[in-house]
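This report concerns only the one structure given below.
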Amino acid sequence: MTDEKRGRSEFFSHPEGQSIILDSIADGVFTVDGQWRITSFNRAAEEITGVPRDEAIGQLCKDVLKADICEKSCCLRATMKTGKPVVGKQVYIIDAAGNKTPISISTAVLRDKKGRLLGAVETFRDISVEEDLRKEISSRYSFEDIISKNPQMIRLFDILPDIAEGGSTVLIEGESGTGKELVARAIHQLSPRRKQPFVAVNCGALPDTLLESELFGYKAGAFTDAKRDKPGRFQLAQNGTLFLDEAGELTPATQVKLLRVLQEKTYEPLGATESVAHNVRVIAATNKNLETEVREGRFREDLYYRINVFKISLPPLRERREDIPLLTDHFIGHFNLLQKKNIVGIEAEAMSVLMEYDWPGNIRELANIIERAFILCKGDFIERKHLPENISGAGDAACAVPARSLRDVEAQFLLSALRENNGNRALTARKLGIHKSTLYRRLKALGLGPGDG
């Protein structure tokens, strides 16, 4: 062995050399012995926790970190028990000043040369900046009750106020679960009719005879059980907005009646002898392609053109995957309020599963899956095991999901924002509503250099 190699070996094996190496690492690092007492604590760990090294050494790790998982589901304990490492688990710690700080932790066991267990090591990093950025992104990309940062949806956000201002009929096309009623309600809330009723009716849920009486109402004596007048949805929506969901399911007979109502601005309740004038804006929605329905003779061409004054096409969730983290955070907040829970978020592996799934049920399916996870989740973060097996591939190696972390999603988003602003970082930061130094730190942390974007 040369003198240079011998010197290098002595440096790495000497405690002081190891301390210098650990102190040069940006992530917090500490080790514990078999009794959970801290045996080393690097400089980054001091900075993140606010606890000096001299105070940390010899203390139980739970008394230093005061993490939200220390008592119930300690990662170090699990790692020492099973020998399996934990990677990228998101938790909260309480620093020396009493502040709650989000961190990402990873753990591994420590063994001697003979394989005997000595203790464990934990690395952790402060993810406050990422969390703040996610919150800023969430607030930036919400419009009324619609949440998206998809370019097609952002363009829709830009024109929705103009669509709402007029009184023209609107047709919203999109797969089931894409949020058609949310868009209809947004149009109503942005319109001059906002203080008047918004009335919805599902055209596919009722047989033809019942649907006609639901839409137009009836007079007492119109049929055997009609003891008194009943107002229809058009009357209930007077001066407001009527939302016709699943309009593609209308039968030919009802299509004829609806066409006349839209053309003449009048309707006749069942059993009435006179027409009633209405002032109702109609918004129709369908999960079918009505142009195809017209070509194949299942939908009247004249009615199609009457309701298709302005058409909005909503992309399915599989075509706006960048929205999945935003929507997931939104639903976690929603169900926390609804179920009086305090689930912090979703782990990276579980998010990776959601990012890779094709979402045939779209946003409604995502909401249902998060609600189901709330039933199963007893900790602070939704994990892969809380997701349905058909999505997570649990127990099926063939369904293994390639990792796509939140970091990948964030990097993709920031690169897209930079491209939109021709690589101008100061302008990008301003449009994102964050300080330019925050953007610089995130780009550096994500490994994105000046040439990227």
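How things are named: the first chain in the structure tokens is A, the next is B, and so on; residues count from 1 in each chain; ligands count from 1 in the order shown.
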Looking only at strand (DSSP E or B) from DSSP on the backbone, list the matching residues of range 64-176 of chain A as a PDB file with N, CA and C atoms, in the first residue's frame.
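Writing the result to out.pdb gives the following:
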```pdb
ATOM      1  N   VAL A  86     -35.597   2.199   4.971  1.00  0.00           N
ATOM      2  CA  VAL A  86     -36.727   3.066   4.638  1.00  0.00           C
ATOM      3  C   VAL A  86     -36.169   4.189   3.772  1.00  0.00           C
ATOM      4  N   VAL A  87     -36.848   4.523   2.674  1.00  0.00           N
ATOM      5  CA  VAL A  87     -36.343   5.538   1.744  1.00  0.00           C
ATOM      6  C   VAL A  87     -37.404   6.605   1.502  1.00  0.00           C
ATOM      7  N   GLY A  88     -37.043   7.859   1.782  1.00  0.00           N
ATOM      8  CA  GLY A  88     -37.875   8.998   1.389  1.00  0.00           C
ATOM      9  C   GLY A  88     -39.196   9.131   2.112  1.00  0.00           C
ATOM     10  N   LYS A  89     -39.285   8.674   3.360  1.00  0.00           N
ATOM     11  CA  LYS A  89     -40.544   8.828   4.100  1.00  0.00           C
ATOM     12  C   LYS A  89     -40.659  10.270   4.598  1.00  0.00           C
ATOM     13  N   GLN A  90     -41.816  10.876   4.395  1.00  0.00           N
ATOM     14  CA  GLN A  90     -42.034  12.266   4.788  1.00  0.00           C
ATOM     15  C   GLN A  90     -42.676  12.323   6.171  1.00  0.00           C
ATOM     16  N   VAL A  91     -42.050  13.073   7.075  1.00  0.00           N
ATOM     17  CA  VAL A  91     -42.562  13.215   8.440  1.00  0.00           C
ATOM     18  C   VAL A  91     -42.384  14.668   8.873  1.00  0.00           C
ATOM     19  N   TYR A  92     -42.877  14.961  10.066  1.00  0.00           N
ATOM     20  CA  TYR A  92     -42.671  16.278  10.671  1.00  0.00           C
ATOM     21  C   TYR A  92     -41.877  16.112  11.959  1.00  0.00           C
ATOM     22  N   ILE A  93     -40.940  17.046  12.182  1.00  0.00           N
ATOM     23  CA  ILE A  93     -40.232  17.095  13.462  1.00  0.00           C
ATOM     24  C   ILE A  93     -40.518  18.440  14.124  1.00  0.00           C
ATOM     25  N   ILE A  94     -40.272  18.509  15.420  1.00  0.00           N
ATOM     26  CA  ILE A  94     -40.370  19.757  16.152  1.00  0.00           C
ATOM     27  C   ILE A  94     -38.953  20.211  16.469  1.00  0.00           C
ATOM     28  N   LYS A 100     -42.774  23.333  13.670  1.00  0.00           N
ATOM     29  CA  LYS A 100     -43.026  22.069  13.001  1.00  0.00           C
ATOM     30  C   LYS A 100     -42.393  22.106  11.618  1.00  0.00           C
ATOM     31  N   THR A 101     -41.443  21.214  11.367  1.00  0.00           N
ATOM     32  CA  THR A 101     -40.682  21.239  10.116  1.00  0.00           C
ATOM     33  C   THR A 101     -40.871  19.940   9.350  1.00  0.00           C
ATOM     34  N   PRO A 102     -41.264  20.000   8.073  1.00  0.00           N
ATOM     35  CA  PRO A 102     -41.383  18.776   7.275  1.00  0.00           C
ATOM     36  C   PRO A 102     -40.005  18.297   6.815  1.00  0.00           C
ATOM     37  N   ILE A 103     -39.749  17.011   6.956  1.00  0.00           N
ATOM     38  CA  ILE A 103     -38.480  16.445   6.493  1.00  0.00           C
ATOM     39  C   ILE A 103     -38.752  15.144   5.745  1.00  0.00           C
ATOM     40  N   SER A 104     -37.778  14.739   4.942  1.00  0.00           N
ATOM     41  CA  SER A 104     -37.811  13.452   4.267  1.00  0.00           C
ATOM     42  C   SER A 104     -36.692  12.599   4.856  1.00  0.00           C
ATOM     43  N   ILE A 105     -37.009  11.399   5.344  1.00  0.00           N
ATOM     44  CA  ILE A 105     -36.003  10.591   6.040  1.00  0.00           C
ATOM     45  C   ILE A 105     -35.747   9.272   5.321  1.00  0.00           C
ATOM     46  N   SER A 106     -34.530   8.754   5.490  1.00  0.00           N
ATOM     47  CA  SER A 106     -34.151   7.421   5.017  1.00  0.00           C
ATOM     48  C   SER A 106     -33.343   6.760   6.117  1.00  0.00           C
ATOM     49  N   THR A 107     -33.486   5.451   6.274  1.00  0.00           N
ATOM     50  CA  THR A 107     -32.797   4.736   7.346  1.00  0.00           C
ATOM     51  C   THR A 107     -32.116   3.485   6.814  1.00  0.00           C
ATOM     52  N   ALA A 108     -31.085   3.025   7.553  1.00  0.00           N
ATOM     53  CA  ALA A 108     -30.395   1.776   7.220  1.00  0.00           C
ATOM     54  C   ALA A 108     -29.737   1.252   8.491  1.00  0.00           C
ATOM     55  N   VAL A 109     -29.472  -0.057   8.531  1.00  0.00           N
ATOM     56  CA  VAL A 109     -28.833  -0.649   9.708  1.00  0.00           C
ATOM     57  C   VAL A 109     -27.315  -0.481   9.621  1.00  0.00           C
ATOM     58  N   LEU A 110     -26.659  -0.504  10.772  1.00  0.00           N
ATOM     59  CA  LEU A 110     -25.203  -0.473  10.865  1.00  0.00           C
ATOM     60  C   LEU A 110     -24.732  -1.808  11.431  1.00  0.00           C
ATOM     61  N   ARG A 111     -23.787  -2.469  10.754  1.00  0.00           N
ATOM     62  CA  ARG A 111     -23.247  -3.751  11.222  1.00  0.00           C
ATOM     63  C   ARG A 111     -21.730  -3.702  11.234  1.00  0.00           C
ATOM     64  N   LEU A 117     -25.208  -6.590  14.536  1.00  0.00           N
ATOM     65  CA  LEU A 117     -25.931  -5.321  14.549  1.00  0.00           C
ATOM     66  C   LEU A 117     -25.331  -4.357  15.559  1.00  0.00           C
ATOM     67  N   LEU A 118     -24.951  -3.167  15.078  1.00  0.00           N
ATOM     68  CA  LEU A 118     -24.405  -2.132  15.962  1.00  0.00           C
ATOM     69  C   LEU A 118     -25.439  -1.050  16.274  1.00  0.00           C
ATOM     70  N   GLY A 119     -26.329  -0.814  15.345  1.00  0.00           N
ATOM     71  CA  GLY A 119     -27.303   0.261  15.506  1.00  0.00           C
ATOM     72  C   GLY A 119     -27.888   0.604  14.156  1.00  0.00           C
ATOM     73  N   ALA A 120     -28.175   1.873  13.949  1.00  0.00           N
ATOM     74  CA  ALA A 120     -28.787   2.298  12.681  1.00  0.00           C
ATOM     75  C   ALA A 120     -28.388   3.735  12.378  1.00  0.00           C
ATOM     76  N   VAL A 121     -28.542   4.107  11.115  1.00  0.00           N
ATOM     77  CA  VAL A 121     -28.246   5.465  10.674  1.00  0.00           C
ATOM     78  C   VAL A 121     -29.488   6.040  10.003  1.00  0.00           C
ATOM     79  N   GLU A 122     -29.717   7.324  10.233  1.00  0.00           N
ATOM     80  CA  GLU A 122     -30.830   8.010   9.582  1.00  0.00           C
ATOM     81  C   GLU A 122     -30.307   9.266   8.907  1.00  0.00           C
ATOM     82  N   THR A 123     -30.697   9.457   7.655  1.00  0.00           N
ATOM     83  CA  THR A 123     -30.413  10.709   6.959  1.00  0.00           C
ATOM     84  C   THR A 123     -31.732  11.430   6.739  1.00  0.00           C
ATOM     85  N   PHE A 124     -31.699  12.732   6.804  1.00  0.00           N
ATOM     86  CA  PHE A 124     -32.941  13.492   6.614  1.00  0.00           C
ATOM     87  C   PHE A 124     -32.627  14.850   6.019  1.00  0.00           C
ATOM     88  N   ARG A 125     -33.606  15.395   5.301  1.00  0.00           N
ATOM     89  CA  ARG A 125     -33.438  16.723   4.716  1.00  0.00           C
ATOM     90  C   ARG A 125     -34.699  17.538   4.905  1.00  0.00           C
ATOM     91  N   ASP A 126     -34.507  18.821   5.051  1.00  0.00           N
ATOM     92  CA  ASP A 126     -35.612  19.756   5.233  1.00  0.00           C
ATOM     93  C   ASP A 126     -36.312  19.948   3.877  1.00  0.00           C
ATOM     94  N   SER A 142     -55.762  27.216  -9.218  1.00  0.00           N
ATOM     95  CA  SER A 142     -57.149  26.908  -8.888  1.00  0.00           C
ATOM     96  C   SER A 142     -58.025  28.030  -9.427  1.00  0.00           C
ATOM     97  N   PHE A 143     -59.179  27.642  -9.930  1.00  0.00           N
ATOM     98  CA  PHE A 143     -60.102  28.606 -10.531  1.00  0.00           C
ATOM     99  C   PHE A 143     -61.500  28.183 -10.120  1.00  0.00           C
ATOM    100  N   ILE A 146     -62.193  24.520  -9.582  1.00  0.00           N
ATOM    101  CA  ILE A 146     -61.452  23.680 -10.530  1.00  0.00           C
ATOM    102  C   ILE A 146     -59.962  23.857 -10.258  1.00  0.00           C
ATOM    103  N   ILE A 147     -59.240  22.733 -10.215  1.00  0.00           N
ATOM    104  CA  ILE A 147     -57.814  22.767  -9.906  1.00  0.00           C
ATOM    105  C   ILE A 147     -57.054  22.132 -11.064  1.00  0.00           C
ATOM    106  N   VAL A 170     -74.123  26.422 -23.729  1.00  0.00           N
ATOM    107  CA  VAL A 170     -72.773  25.845 -23.709  1.00  0.00           C
ATOM    108  C   VAL A 170     -72.884  24.333 -23.702  1.00  0.00           C
ATOM    109  N   LEU A 171     -72.029  23.680 -24.477  1.00  0.00           N
ATOM    110  CA  LEU A 171     -71.939  22.217 -24.467  1.00  0.00           C
ATOM    111  C   LEU A 171     -70.586  21.821 -23.882  1.00  0.00           C
ATOM    112  N   ILE A 172     -70.594  21.000 -22.836  1.00  0.00           N
ATOM    113  CA  ILE A 172     -69.360  20.526 -22.204  1.00  0.00           C
ATOM    114  C   ILE A 172     -69.229  19.038 -22.489  1.00  0.00           C
ATOM    115  N   GLU A 173     -68.168  18.672 -23.201  1.00  0.00           N
ATOM    116  CA  GLU A 173     -67.915  17.266 -23.504  1.00  0.00           C
ATOM    117  C   GLU A 173     -66.720  16.772 -22.709  1.00  0.00           C
TER     118      GLU A 173
END
```
In range 270-359 of chain A, what's helix (DSSP H, G or I) per DSSP? Answer as an MDAnalysis selection string? chainID A and resid 290:295 301:307 317:319 321:339 348:356
Store the residues of this selection in a file with C-alpha atoms, as a CSV table (one decimal), in the first residue's frame.
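New file result_13.csv:
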```csv
chain,number,residue,atom,x,y,z
A,290,LEU,CA,-72.2,14.2,-30.1
A,291,GLU,CA,-70.8,14.7,-33.6
A,292,THR,CA,-70.5,10.9,-33.9
A,293,GLU,CA,-74.0,10.5,-32.4
A,294,VAL,CA,-75.4,12.9,-35.1
A,295,ARG,CA,-73.6,11.1,-37.9
A,301,GLU,CA,-78.5,17.6,-35.9
A,302,ASP,CA,-80.6,20.7,-35.3
A,303,LEU,CA,-80.5,20.2,-31.5
A,304,TYR,CA,-76.8,19.6,-31.6
A,305,TYR,CA,-76.2,22.9,-33.3
A,306,ARG,CA,-78.6,24.7,-31.0
A,307,ILE,CA,-76.8,23.5,-27.8
A,317,LEU,CA,-57.0,12.8,-16.2
A,318,ARG,CA,-54.5,10.5,-18.0
A,319,GLU,CA,-53.8,13.5,-20.3
A,321,ARG,CA,-51.1,13.8,-15.1
A,322,GLU,CA,-49.3,17.0,-13.8
A,323,ASP,CA,-52.6,17.7,-12.0
A,324,ILE,CA,-52.6,14.4,-10.0
A,325,PRO,CA,-50.4,15.8,-7.1
A,326,LEU,CA,-52.5,19.0,-7.0
A,327,LEU,CA,-55.7,17.1,-6.9
A,328,THR,CA,-54.4,14.6,-4.3
A,329,ASP,CA,-53.4,17.4,-2.0
A,330,HIS,CA,-56.8,19.0,-2.5
A,331,PHE,CA,-58.7,15.8,-1.7
A,332,ILE,CA,-56.5,15.1,1.4
A,333,GLY,CA,-57.4,18.6,2.7
A,334,HIS,CA,-61.1,18.0,1.8
A,335,PHE,CA,-61.3,14.7,3.6
A,336,ASN,CA,-59.3,16.0,6.6
A,337,LEU,CA,-62.1,18.6,7.1
A,338,LEU,CA,-64.9,16.1,6.4
A,339,GLN,CA,-63.6,13.3,8.6
A,348,ALA,CA,-43.6,9.3,-2.7
A,349,GLU,CA,-44.0,5.6,-3.6
A,350,ALA,CA,-47.8,5.9,-3.3
A,351,MET,CA,-47.8,9.1,-5.5
A,352,SER,CA,-45.7,7.3,-8.0
A,353,VAL,CA,-48.4,4.6,-8.2
A,354,LEU,CA,-51.1,7.3,-8.8
A,355,MET,CA,-48.9,9.0,-11.5
A,356,GLU,CA,-48.6,5.7,-13.5
```
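The closest residue to Val280 in chain A, picked from A:Glu268, A:Ile369, A:Asp245, A:Arg193 and counting only C-alpha atoms, is A:Arg193.
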When you draw a straight line from CA of Pro252 in chain A to CA of Ser213 in chain A, how long is it in Å?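 So the answer is 15.9 Å.
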